[in-house]
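Below is my_file_23.txt, which holds compact mmCIF, C-alpha atoms and all ligand atoms.
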# COMPACT_ATOMS: atom_id res chain seq x y z
CA MET P 1 79.34 -63.44 27.96
CA ASP P 2 80.81 -63.39 31.49
CA ARG P 3 83.96 -61.31 31.98
CA ILE P 4 86.90 -63.47 31.10
CA ASP P 5 90.64 -63.07 31.32
CA PRO P 6 91.66 -61.03 28.21
CA ALA P 7 94.70 -63.25 27.61
CA LEU P 8 92.44 -66.30 27.60
CA GLU P 9 90.01 -64.59 25.26
CA ASP P 10 92.92 -63.83 22.89
CA ILE P 11 93.71 -67.53 22.68
CA GLU P 12 90.09 -68.46 22.12
CA LEU P 13 89.75 -65.85 19.41
CA GLU P 14 92.88 -67.08 17.69
CA LEU P 15 91.57 -70.65 17.69
CA PHE P 16 88.19 -69.49 16.39
CA VAL P 17 89.84 -67.64 13.48
CA ARG P 18 92.00 -70.68 12.78
CA ALA P 19 88.98 -73.00 12.76
CA LEU P 20 87.18 -70.70 10.33
CA ARG P 21 90.17 -70.74 8.01
CA GLN P 22 91.17 -74.37 8.21
CA ARG P 23 87.71 -75.90 8.32
CA HIS P 24 85.83 -73.51 6.05
CA GLY P 25 88.37 -71.48 4.04
CA TYR P 26 87.30 -68.07 5.39
CA ASP P 27 90.33 -66.06 6.46
CA PHE P 28 89.63 -63.36 9.07
CA GLY P 29 93.26 -63.24 10.21
CA HIS P 30 93.78 -59.73 8.81
CA TYR P 31 90.52 -58.09 9.85
CA ALA P 32 90.69 -55.14 12.25
CA PRO P 33 91.00 -56.93 15.63
CA ALA P 34 88.74 -54.70 17.75
CA SER P 35 85.69 -54.92 15.52
CA LEU P 36 86.23 -58.65 14.90
CA ARG P 37 86.34 -59.27 18.65
CA ARG P 38 83.14 -57.28 19.12
CA ARG P 39 81.31 -59.32 16.51
CA VAL P 40 82.52 -62.64 17.84
CA ARG P 41 81.39 -61.65 21.35
CA GLN P 42 78.02 -60.73 19.84
CA LEU P 43 77.78 -64.20 18.25
CA VAL P 44 78.54 -65.80 21.63
CA GLN P 45 75.71 -63.79 23.13
CA THR P 46 73.20 -64.43 20.34
CA HIS P 47 73.81 -68.17 20.36
CA GLY P 48 74.17 -68.45 24.11
CA THR P 49 77.37 -70.46 23.85
CA GLY P 50 78.94 -68.76 26.89
CA THR P 51 82.47 -68.86 25.47
CA ILE P 52 84.21 -68.37 22.14
CA SER P 53 85.55 -71.92 22.47
CA ALA P 54 82.02 -73.31 22.49
CA LEU P 55 81.28 -71.25 19.38
CA THR P 56 84.38 -72.76 17.77
CA GLY P 57 83.06 -76.21 18.66
CA ARG P 58 79.84 -75.58 16.76
CA LEU P 59 81.86 -74.19 13.84
CA LEU P 60 83.90 -77.38 13.70
CA HIS P 61 81.08 -79.88 14.14
CA GLU P 62 77.99 -78.32 12.51
CA PRO P 63 78.66 -77.85 8.78
CA GLU P 64 75.87 -75.29 8.22
CA PHE P 65 76.78 -73.14 11.23
CA VAL P 66 79.51 -71.38 9.26
CA PHE P 67 76.88 -69.44 7.30
CA THR P 68 75.38 -68.12 10.52
CA VAL P 69 78.87 -67.08 11.60
CA ILE P 70 79.60 -65.36 8.29
CA GLU P 71 76.29 -63.49 8.53
CA GLY P 72 77.26 -62.38 12.06
CA LEU P 73 80.78 -61.29 11.14
CA SER P 74 80.03 -59.61 7.84
CA VAL P 75 77.80 -56.67 8.88
CA PRO P 76 75.67 -56.67 5.73
CA VAL P 77 73.96 -53.35 6.49
CA SER P 78 73.34 -50.91 3.68
CA ASP P 79 70.94 -48.30 2.32
CA MET P 80 69.77 -47.12 -1.07
CA PHE P 81 71.68 -44.03 -2.21
CA ARG P 82 73.67 -44.13 1.02
CA ASP P 83 75.62 -40.85 1.32
CA PRO P 84 73.60 -39.04 -1.38
CA PRO P 85 76.40 -36.55 -2.28
CA VAL P 86 78.50 -39.53 -3.41
CA PHE P 87 75.75 -40.70 -5.76
CA ARG P 88 75.26 -37.15 -7.00
CA ALA P 89 78.99 -36.93 -7.77
CA LEU P 90 78.85 -40.29 -9.54
CA ARG P 91 75.93 -39.01 -11.60
CA GLU P 92 77.40 -35.60 -12.40
CA GLN P 93 81.15 -36.18 -12.52
CA VAL P 94 81.87 -39.85 -13.12
CA LEU P 95 79.14 -41.10 -15.46
CA PRO P 96 79.77 -38.40 -18.09
CA LEU P 97 83.41 -39.55 -18.21
CA LEU P 98 82.48 -43.23 -18.19
CA ALA P 99 80.32 -42.52 -21.23
CA SER P 100 83.46 -42.31 -23.40
CA TRP P 101 83.92 -46.11 -23.15
CA PRO P 102 81.78 -48.17 -25.57
CA ARG P 103 81.35 -50.95 -22.97
CA ILE P 104 81.40 -50.27 -19.25
CA ASN P 105 82.17 -52.92 -16.65
CA ILE P 106 81.42 -52.08 -13.05
CA TRP P 107 82.59 -54.16 -10.09
CA GLN P 108 80.63 -53.55 -6.95
CA ALA P 109 82.57 -55.35 -4.24
CA GLY P 110 80.91 -55.99 -0.88
CA CYS P 111 77.41 -55.41 -2.24
CA ALA P 112 75.74 -56.80 0.92
CA SER P 113 71.97 -57.10 0.38
CA GLY P 114 72.03 -55.18 -2.88
CA GLN P 115 70.71 -51.71 -2.02
CA GLU P 116 73.74 -50.09 -3.63
CA VAL P 117 73.45 -52.23 -6.75
CA TYR P 118 69.87 -51.13 -7.37
CA SER P 119 70.83 -47.51 -6.65
CA LEU P 120 73.61 -47.69 -9.20
CA ALA P 121 71.36 -49.37 -11.76
CA ILE P 122 68.79 -46.56 -11.36
CA LEU P 123 71.52 -43.96 -11.81
CA LEU P 124 72.81 -45.62 -14.97
CA GLU P 125 69.28 -46.03 -16.31
CA GLU P 126 68.47 -42.36 -15.76
CA GLU P 127 71.73 -41.21 -17.37
CA GLY P 128 71.14 -43.41 -20.43
CA LEU P 129 74.16 -45.66 -19.85
CA TYR P 130 72.57 -48.81 -18.48
CA GLU P 131 72.43 -50.78 -21.74
CA ARG P 132 76.20 -50.39 -22.18
CA CYS P 133 76.97 -51.59 -18.68
CA GLN P 134 77.64 -54.89 -17.02
CA ILE P 135 77.61 -54.79 -13.23
CA TYR P 136 79.39 -57.51 -11.27
CA ALA P 137 78.03 -57.39 -7.73
CA THR P 138 80.04 -59.52 -5.32
CA ASP P 139 80.12 -60.41 -1.65
CA PHE P 140 81.36 -63.35 0.40
CA ASN P 141 78.15 -63.68 2.39
CA PRO P 142 75.84 -66.10 0.52
CA ALA P 143 72.73 -65.07 2.49
CA ALA P 144 73.30 -61.39 1.68
CA LEU P 145 73.75 -62.25 -2.01
CA ARG P 146 70.43 -64.14 -1.99
CA ARG P 147 68.68 -61.10 -0.49
CA ALA P 148 70.38 -58.88 -3.07
CA GLN P 149 69.02 -61.03 -5.88
CA GLU P 150 65.49 -60.88 -4.49
CA GLY P 151 65.56 -57.10 -4.00
CA ILE P 152 62.93 -57.21 -1.24
CA TYR P 153 63.31 -54.74 1.62
CA PRO P 154 61.25 -53.49 4.57
CA ALA P 155 58.83 -50.77 3.47
CA ARG P 156 59.75 -48.69 6.51
CA ALA P 157 63.09 -47.86 4.83
CA ALA P 158 61.44 -46.46 1.69
CA GLN P 159 60.85 -42.93 2.96
CA ALA P 160 64.46 -42.30 3.90
CA TRP P 161 65.64 -43.93 0.67
CA SER P 162 63.32 -41.69 -1.37
CA ARG P 163 64.87 -38.65 0.28
CA ASN P 164 68.36 -39.98 -0.46
CA TYR P 165 67.39 -40.62 -4.08
CA LEU P 166 66.15 -37.05 -4.58
CA GLU P 167 69.19 -35.62 -2.81
CA ALA P 168 71.36 -37.66 -5.17
CA GLY P 169 69.72 -35.88 -8.12
CA GLY P 170 67.00 -38.46 -8.85
CA ARG P 171 64.92 -37.51 -11.88
CA HIS P 172 61.65 -39.23 -10.96
CA SER P 173 60.24 -40.74 -7.80
CA LEU P 174 61.94 -43.71 -6.18
CA ALA P 175 58.48 -45.32 -5.98
CA ASP P 176 58.60 -45.69 -9.79
CA TYR P 177 61.24 -48.38 -9.27
CA TYR P 178 59.53 -50.61 -6.75
CA SER P 179 56.20 -52.20 -5.98
CA ALA P 180 54.92 -52.14 -2.40
CA ARG P 181 53.18 -55.09 -0.79
CA TYR P 182 52.19 -55.03 2.85
CA GLU P 183 55.30 -54.20 4.84
CA PHE P 184 57.75 -54.85 1.99
CA ILE P 185 58.91 -53.22 -1.21
CA LYS P 186 60.31 -55.17 -4.16
CA LEU P 187 62.71 -53.45 -6.52
CA ASP P 188 61.87 -53.66 -10.22
CA GLN P 189 63.70 -56.78 -11.38
CA ARG P 190 64.36 -55.22 -14.79
CA LEU P 191 67.05 -53.23 -12.95
CA ARG P 192 68.89 -56.53 -12.63
CA ARG P 193 69.03 -57.39 -16.31
CA ASN P 194 72.71 -56.43 -16.65
CA VAL P 195 73.76 -57.44 -13.14
CA SER P 196 75.64 -60.63 -12.29
CA PHE P 197 75.73 -61.52 -8.61
CA ALA P 198 78.65 -63.68 -7.54
CA ASN P 199 80.36 -65.00 -4.45
CA HIS P 200 83.82 -63.44 -4.24
CA ASN P 201 86.08 -63.17 -1.21
CA LEU P 202 88.33 -60.11 -1.28
CA VAL P 203 90.82 -61.84 1.03
CA THR P 204 91.41 -64.98 -1.00
CA ASP P 205 90.03 -64.52 -4.53
CA LYS P 206 91.60 -62.82 -7.50
CA VAL P 207 90.63 -60.15 -9.99
CA PHE P 208 88.07 -61.51 -12.44
CA CYS P 209 87.17 -58.63 -14.76
CA GLU P 210 88.54 -55.50 -16.37
CA ALA P 211 86.49 -52.66 -14.93
CA GLN P 212 85.94 -48.99 -15.70
CA LEU P 213 84.47 -48.40 -12.23
CA VAL P 214 84.99 -50.21 -8.93
CA LEU P 215 82.73 -49.39 -6.00
CA CYS P 216 83.71 -50.80 -2.66
CA ARG P 217 82.18 -48.82 0.14
CA ASN P 218 82.24 -49.53 3.85
CA VAL P 219 84.16 -52.78 3.50
CA LEU P 220 87.84 -51.80 3.87
CA ILE P 221 86.99 -50.27 7.22
CA TYR P 222 86.78 -53.79 8.65
CA PHE P 223 90.25 -54.73 7.40
CA ALA P 224 93.65 -54.12 9.03
CA ASN P 225 96.07 -51.99 6.96
CA PRO P 226 98.01 -54.74 5.13
CA LEU P 227 94.75 -56.33 3.97
CA GLN P 228 93.40 -52.95 2.89
CA ASP P 229 96.49 -52.55 0.74
CA ARG P 230 96.11 -56.01 -0.79
CA VAL P 231 92.51 -55.30 -1.71
CA LEU P 232 93.35 -51.87 -3.13
CA GLY P 233 95.95 -53.66 -5.27
CA LEU P 234 93.18 -55.95 -6.56
CA PHE P 235 91.09 -52.93 -7.48
CA ARG P 236 94.04 -51.28 -9.24
CA ASP P 237 94.69 -54.45 -11.23
CA SER P 238 91.05 -54.71 -12.16
CA LEU P 239 90.70 -51.09 -13.26
CA VAL P 240 91.64 -49.89 -16.72
CA ARG P 241 93.91 -46.85 -16.70
CA GLY P 242 91.78 -43.80 -16.02
CA GLY P 243 89.13 -46.03 -14.41
CA PHE P 244 87.34 -44.90 -11.23
CA LEU P 245 87.41 -46.18 -7.67
CA CYS P 246 84.81 -45.19 -5.10
CA LEU P 247 85.37 -46.00 -1.42
CA GLY P 248 83.31 -45.36 1.72
CA LEU P 249 83.44 -41.96 3.41
CA ARG P 250 85.42 -43.30 6.36
CA GLU P 251 87.92 -45.07 4.10
CA SER P 252 90.91 -43.75 2.29
CA LEU P 253 93.85 -44.86 0.21
CA GLU P 254 96.12 -42.09 1.46
CA PHE P 255 98.08 -44.36 3.80
CA ALA P 256 98.25 -47.45 1.59
CA PRO P 257 101.23 -48.00 -0.73
CA SER P 258 98.75 -48.81 -3.55
CA GLY P 259 97.33 -45.32 -3.08
CA ALA P 260 100.23 -44.02 -5.20
CA ASP P 261 98.54 -45.56 -8.24
CA PHE P 262 95.50 -43.32 -7.89
CA THR P 263 94.66 -39.62 -8.05
CA ALA P 264 91.72 -38.11 -6.21
CA LEU P 265 88.83 -36.89 -8.32
CA ASP P 266 87.01 -35.83 -5.16
CA ALA P 267 89.02 -36.61 -2.02
CA ASN P 268 86.16 -35.74 0.36
CA LEU P 269 83.79 -38.13 -1.34
CA ARG P 270 86.53 -40.76 -1.72
CA ILE P 271 86.33 -40.94 -5.49
CA TYR P 272 89.65 -41.69 -7.20
CA ARG P 273 91.00 -42.44 -10.67
CA ARG P 274 93.62 -44.97 -11.56
CA ASN P 275 96.61 -43.07 -12.91
CA VAL P 276 97.01 -43.13 -16.66
CA PHE P 277 100.79 -42.88 -16.63
CA THR P 278 103.32 -45.15 -14.96
CA ALA P 279 105.21 -43.64 -11.99
CA PRO P 280 109.05 -43.53 -12.15
CA ASP P 281 109.29 -46.52 -9.78
CA GLY P 282 107.54 -48.62 -12.43
CA LYS P 283 104.18 -48.75 -10.68
CA ALA P 284 100.96 -47.90 -12.45
C1 LIG L 1 78.72 -52.72 5.68
S1 LIG L 1 78.50 -53.72 4.28
C2 LIG L 1 78.69 -52.54 2.97
C3 LIG L 1 77.55 -52.57 1.99
C4 LIG L 1 77.57 -51.50 0.93
N1 LIG L 1 78.79 -51.55 0.16
C5 LIG L 1 77.36 -50.14 1.52
O1 LIG L 1 78.31 -49.37 1.64
O2 LIG L 1 76.22 -49.82 1.90
C6 LIG L 1 80.01 -54.65 4.23
C7 LIG L 1 79.94 -55.83 3.29
O3 LIG L 1 81.27 -56.29 3.05
C8 LIG L 1 81.22 -57.68 2.91
N2 LIG L 1 82.55 -58.26 3.14
C9 LIG L 1 83.28 -58.28 4.30
N3 LIG L 1 84.42 -58.95 4.12
C10 LIG L 1 84.42 -59.37 2.82
C11 LIG L 1 85.33 -60.14 2.05
N4 LIG L 1 86.45 -60.61 2.57
N5 LIG L 1 85.03 -60.37 0.75
C12 LIG L 1 83.87 -59.89 0.21
N6 LIG L 1 82.97 -59.17 0.89
C13 LIG L 1 83.24 -58.93 2.20
C14 LIG L 1 80.21 -58.12 3.96
O4 LIG L 1 79.68 -59.39 3.70
C15 LIG L 1 79.16 -57.02 3.88
O5 LIG L 1 78.11 -57.37 3.04
Starting from the coordinates I provided, produce the structure as structure tokens.
Ligand SMILES: C[S@@+](CC[C@H](N)C(=O)[O-])C[C@H]1O[C@@H](n2cnc3c(N)ncnc32)[C@H](O)[C@@H]1O
Amino acid sequence: MDRIDPALEDIELELFVRALRQRHGYDFGHYAPASLRRRVRQLVQTHGTGTISALTGRLLHEPEFVFTVIEGLSVPVSDMFRDPPVFRALREQVLPLLASWPRINIWQAGCASGQEVYSLAILLEEEGLYERCQIYATDFNPAALRRAQEGIYPARAAQAWSRNYLEAGGRHSLADYYSARYEFIKLDQRLRRNVSFANHNLVTDKVFCEAQLVLCRNVLIYFANPLQDRVLGLFRDSLVRGGFLCLGLRESLEFAPSGADFTALDANLRIYRRNVFTAPDGKA
């Protein structure tokens, strides 16, 4: 994209966001502005439209183009057992406590292409809790959800993922959970038997289940503060008292008003518990 007047680019960006909302129902109005701008510029470059306005034109006039835009704006990158110490803490500190509930609902919000869902399923399987669990894996990017359901990933990632798995306390070999074919691996689809994948937009949709554990990692980082607080409120309302919330390592609820409803189980690893007792101001 040629250098353009920043004030002009602001207007174009505003119109682009408005078109996305009014034409397609996706609201990016409260995303962190700098990273949104970067991604929109990237889309302009990838599609050779020259300007954001031309991108907006395609968004308005080509019905299917919105999915390309959502894929470009949503950053659906992930890894299996990403941040292994977090998965080790889930295994050693959270799952033993979750075991006290007869049925365990888990909401994995922003599941991207599913690597985290399969990691969690393996963890639950190895700790003997899987059969009691229902995992709701949600994202607002339909293409990422399709990839998550297929569970097919480039084989070149497998080595690093195997290391992560072992570092996270894995009891076997990660290779026991996938079959390799040419340059791809396919995760064992039995790991999906208690997983429901669904399209859910954290900006516009509501709570849909009562959960004992909510995992939402590396998603809030793309949101401006008021939206982060709204989404944390959704997680609080979804969680039973004493339920667990796990965020990404660069995310925190310290500065959000909803943070008062949680206590850290491990602040460094961003694992929190919804408070059991109501605070004096009437909040949870
Ligand atoms: C960087 S990925 C995180 C994947 C995984 N949780 C992890 O930590 O490896 C961010 C995901 O958040 C999703 N996302 C962004 N905004 C969302 C929204 N408003 N509602 C639901 N998902 C959203 C994106 O589609 C993307 O798949």
Centre, x/y/z edge lengths, axis-aligned box for ligand LIG 1 (chain L) with 4 Å per side, as JSON:
{"center_x": 81.3, "center_y": -55.0, "center_z": 2.9, "size_x": 18.2, "size_y": 19.2, "size_z": 13.5}
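Here atom CA of P:Ala157 is placed at a distance of 22.1 Å from atom N2 of ligand LIG 1 (chain L).
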For P:Asn268, work out the shell of residues within 9 Å, counting only C-alpha atoms and skipping chain neighbours fewer than 3 positions away, then give it as a PDB file with C-alpha atoms, in the coordinates of the input.
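Everything below was put into part_0.pdb:
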ATOM      1  CA  LEU P 249      83.440 -41.960   3.410  1.00  0.00           C
ATOM      2  CA  ALA P 264      91.720 -38.110  -6.210  1.00  0.00           C
ATOM      3  CA  ILE P 271      86.330 -40.940  -5.490  1.00  0.00           C
TER       4      ILE P 271
END
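Atom CA of P:Asn201 to atom CA of P:Phe223 spans 12.8 Å [interatomic distance, one decimal].
Of the listed residues (P:Arg82, P:Arg273, P:His200, P:Lys186), P:His200 comes nearest to P:Trp107; the distances count all atoms listed in the file.
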Which residues are close to P:Thr56, i.e. within 12 Å by only C-alpha atoms, leaving aside same-chain residues fewer than 2 positions away? Reply as a VMD selection string.
chain P and resid 11 to 24 40 43 to 44 47 49 to 54 58 to 63 65 to 66 69
Cut-off 9 Å, all atoms listed in the file, neighbours of ligand LIG 1 (chain L) as a PyMOL selection string
chain P and resi 26-28+31+70-71+73-83+108-117+138-142+144-145+199-205+215-223+247-248
Limited to C-alpha atoms, could you put the picked residues into a file as a CSV table (one decimal), in the coordinates of the input?
chain,number,residue,atom,x,y,z
P,26,TYR,CA,87.3,-68.1,5.4
P,27,ASP,CA,90.3,-66.1,6.5
P,28,PHE,CA,89.6,-63.4,9.1
P,31,TYR,CA,90.5,-58.1,9.8
P,70,ILE,CA,79.6,-65.4,8.3
P,71,GLU,CA,76.3,-63.5,8.5
P,73,LEU,CA,80.8,-61.3,11.1
P,74,SER,CA,80.0,-59.6,7.8
P,75,VAL,CA,77.8,-56.7,8.9
P,76,PRO,CA,75.7,-56.7,5.7
P,77,VAL,CA,74.0,-53.4,6.5
P,78,SER,CA,73.3,-50.9,3.7
P,79,ASP,CA,70.9,-48.3,2.3
P,80,MET,CA,69.8,-47.1,-1.1
P,81,PHE,CA,71.7,-44.0,-2.2
P,82,ARG,CA,73.7,-44.1,1.0
P,83,ASP,CA,75.6,-40.8,1.3
P,108,GLN,CA,80.6,-53.6,-7.0
P,109,ALA,CA,82.6,-55.4,-4.2
P,110,GLY,CA,80.9,-56.0,-0.9
P,111,CYS,CA,77.4,-55.4,-2.2
P,112,ALA,CA,75.7,-56.8,0.9
P,113,SER,CA,72.0,-57.1,0.4
P,114,GLY,CA,72.0,-55.2,-2.9
P,115,GLN,CA,70.7,-51.7,-2.0
P,116,GLU,CA,73.7,-50.1,-3.6
P,117,VAL,CA,73.4,-52.2,-6.8
P,138,THR,CA,80.0,-59.5,-5.3
P,139,ASP,CA,80.1,-60.4,-1.6
P,140,PHE,CA,81.4,-63.4,0.4
P,141,ASN,CA,78.2,-63.7,2.4
P,142,PRO,CA,75.8,-66.1,0.5
P,144,ALA,CA,73.3,-61.4,1.7
P,145,LEU,CA,73.8,-62.2,-2.0
P,199,ASN,CA,80.4,-65.0,-4.4
P,200,HIS,CA,83.8,-63.4,-4.2
P,201,ASN,CA,86.1,-63.2,-1.2
P,202,LEU,CA,88.3,-60.1,-1.3
P,203,VAL,CA,90.8,-61.8,1.0
P,204,THR,CA,91.4,-65.0,-1.0
P,205,ASP,CA,90.0,-64.5,-4.5
P,215,LEU,CA,82.7,-49.4,-6.0
P,216,CYS,CA,83.7,-50.8,-2.7
P,217,ARG,CA,82.2,-48.8,0.1
P,218,ASN,CA,82.2,-49.5,3.8
P,219,VAL,CA,84.2,-52.8,3.5
P,220,LEU,CA,87.8,-51.8,3.9
P,221,ILE,CA,87.0,-50.3,7.2
P,222,TYR,CA,86.8,-53.8,8.6
P,223,PHE,CA,90.2,-54.7,7.4
P,247,LEU,CA,85.4,-46.0,-1.4
P,248,GLY,CA,83.3,-45.4,1.7
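Residues with at least one atom no more than 10 Å from (57.4, -49.5, -0.7), using only C-alpha atoms, are Ile152, Tyr153, Pro154, Ala155, Arg156, Ala157, Ala158, Gln159, Ser162, Leu174, Ala175, Asp176, Tyr177, Tyr178, Ser179, Ala180, Arg181, Tyr182, Glu183, Phe184, Ile185, Lys186 and Leu187 of chain P.
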Output C-alpha atoms for every residue in that selection, as a CSV table (one decimal), in the frame of the given file.
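The resulting file, again27.csv, is shown below:
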chain,number,residue,atom,x,y,z
P,152,ILE,CA,62.9,-57.2,-1.2
P,153,TYR,CA,63.3,-54.7,1.6
P,154,PRO,CA,61.2,-53.5,4.6
P,155,ALA,CA,58.8,-50.8,3.5
P,156,ARG,CA,59.8,-48.7,6.5
P,157,ALA,CA,63.1,-47.9,4.8
P,158,ALA,CA,61.4,-46.5,1.7
P,159,GLN,CA,60.8,-42.9,3.0
P,162,SER,CA,63.3,-41.7,-1.4
P,174,LEU,CA,61.9,-43.7,-6.2
P,175,ALA,CA,58.5,-45.3,-6.0
P,176,ASP,CA,58.6,-45.7,-9.8
P,177,TYR,CA,61.2,-48.4,-9.3
P,178,TYR,CA,59.5,-50.6,-6.8
P,179,SER,CA,56.2,-52.2,-6.0
P,180,ALA,CA,54.9,-52.1,-2.4
P,181,ARG,CA,53.2,-55.1,-0.8
P,182,TYR,CA,52.2,-55.0,2.8
P,183,GLU,CA,55.3,-54.2,4.8
P,184,PHE,CA,57.8,-54.8,2.0
P,185,ILE,CA,58.9,-53.2,-1.2
P,186,LYS,CA,60.3,-55.2,-4.2
P,187,LEU,CA,62.7,-53.4,-6.5
Given all atoms listed in the file as the basis, pick out the residue of P:Val240, P:Leu245, P:Leu8, P:Val231 nearest to P:Val214.
P:Leu245
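A straight line drawn from atom CA of P:Leu124 to atom CA of P:Phe277 is 28.2 Å long.
Proximity to P:Ile104 was assessed for P:Leu213, P:Ala224, P:Ala32, P:Leu253 counting all atoms listed in the file; the smallest distance is recorded for P:Leu213.
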Return the single residue from P:Leu123, P:Ser196, P:Arg37, P:Ser238 that is closest to P:Pro6, with distances computed using all atoms listed in the file.
P:Arg37
P:Arg132, P:Arg103, P:Arg91, P:His172: which is nearest P:Asn194, counting all atoms listed in the file?
P:Arg132
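In terms of minimum interatomic distance to P:Arg241, P:Ala211 ranks closest within P:Leu166, P:Ala34, P:Ala211, P:Val195, counting all atoms listed in the file.
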Extract, using all atoms listed in the file, all DNA, RNA and protein residues at most 10 Å from P:Tyr272, discarding same-chain residues fewer than 3 positions from it, and format them as JSON, numbers by chain.
{"P": [94, 213, 214, 242, 243, 244, 245, 246, 247, 252, 253, 259, 261, 262, 263, 264, 265, 266, 267, 269, 275]}
Would you fill out stretch 202-220 of chain P with N, CA and C atoms and return it as a JSON list (two decimals), in the frame of the given file?
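Once everything was written out, this is part.json:
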[["chain", "number", "residue", "atom", "x", "y", "z"],
["P", 202, "LEU", "N", 87.25, -61.06, -1.00],
["P", 202, "LEU", "CA", 88.33, -60.11, -1.28],
["P", 202, "LEU", "C", 89.65, -60.53, -0.65],
["P", 203, "VAL", "N", 89.59, -61.42, 0.35],
["P", 203, "VAL", "CA", 90.82, -61.84, 1.03],
["P", 203, "VAL", "C", 91.53, -62.91, 0.22],
["P", 204, "THR", "N", 90.77, -63.80, -0.39],
["P", 204, "THR", "CA", 91.41, -64.98, -1.00],
["P", 204, "THR", "C", 91.25, -65.07, -2.52],
["P", 205, "ASP", "N", 90.27, -64.37, -3.08],
["P", 205, "ASP", "CA", 90.03, -64.52, -4.53],
["P", 205, "ASP", "C", 90.76, -63.46, -5.33],
["P", 206, "LYS", "N", 90.80, -63.71, -6.65],
["P", 206, "LYS", "CA", 91.60, -62.82, -7.50],
["P", 206, "LYS", "C", 90.69, -61.87, -8.28],
["P", 207, "VAL", "N", 91.35, -61.04, -9.08],
["P", 207, "VAL", "CA", 90.63, -60.15, -9.99],
["P", 207, "VAL", "C", 89.95, -61.01, -11.05],
["P", 208, "PHE", "N", 88.75, -60.67, -11.45],
["P", 208, "PHE", "CA", 88.07, -61.51, -12.44],
["P", 208, "PHE", "C", 87.52, -60.72, -13.63],
["P", 209, "CYS", "N", 87.66, -59.39, -13.61],
["P", 209, "CYS", "CA", 87.17, -58.63, -14.76],
["P", 209, "CYS", "C", 88.00, -57.36, -14.92],
["P", 210, "GLU", "N", 87.92, -56.80, -16.12],
["P", 210, "GLU", "CA", 88.54, -55.50, -16.37],
["P", 210, "GLU", "C", 87.44, -54.47, -16.21],
["P", 211, "ALA", "N", 87.60, -53.56, -15.26],
["P", 211, "ALA", "CA", 86.49, -52.66, -14.93],
["P", 211, "ALA", "C", 86.83, -51.20, -15.22],
["P", 212, "GLN", "N", 85.78, -50.45, -15.55],
["P", 212, "GLN", "CA", 85.94, -48.99, -15.70],
["P", 212, "GLN", "C", 85.61, -48.29, -14.38],
["P", 213, "LEU", "N", 84.83, -48.97, -13.54],
["P", 213, "LEU", "CA", 84.47, -48.40, -12.23],
["P", 213, "LEU", "C", 84.43, -49.52, -11.19],
["P", 214, "VAL", "N", 85.09, -49.29, -10.07],
["P", 214, "VAL", "CA", 84.99, -50.21, -8.93],
["P", 214, "VAL", "C", 84.39, -49.43, -7.77],
["P", 215, "LEU", "N", 83.33, -49.97, -7.22],
["P", 215, "LEU", "CA", 82.73, -49.39, -6.00],
["P", 215, "LEU", "C", 82.94, -50.37, -4.88],
["P", 216, "CYS", "N", 83.58, -49.93, -3.83],
["P", 216, "CYS", "CA", 83.71, -50.80, -2.66],
["P", 216, "CYS", "C", 83.61, -49.90, -1.45],
["P", 217, "ARG", "N", 82.43, -49.79, -0.92],
["P", 217, "ARG", "CA", 82.18, -48.82, 0.14],
["P", 217, "ARG", "C", 81.87, -49.52, 1.45],
["P", 218, "ASN", "N", 82.50, -49.02, 2.50],
["P", 218, "ASN", "CA", 82.24, -49.53, 3.85],
["P", 218, "ASN", "C", 82.58, -51.01, 4.00],
["P", 219, "VAL", "N", 83.64, -51.41, 3.38],
["P", 219, "VAL", "CA", 84.16, -52.78, 3.50],
["P", 219, "VAL", "C", 85.59, -52.73, 4.05],
["P", 220, "LEU", "N", 86.43, -51.88, 3.44],
["P", 220, "LEU", "CA", 87.84, -51.80, 3.87],
["P", 220, "LEU", "C", 87.95, -51.42, 5.34]]
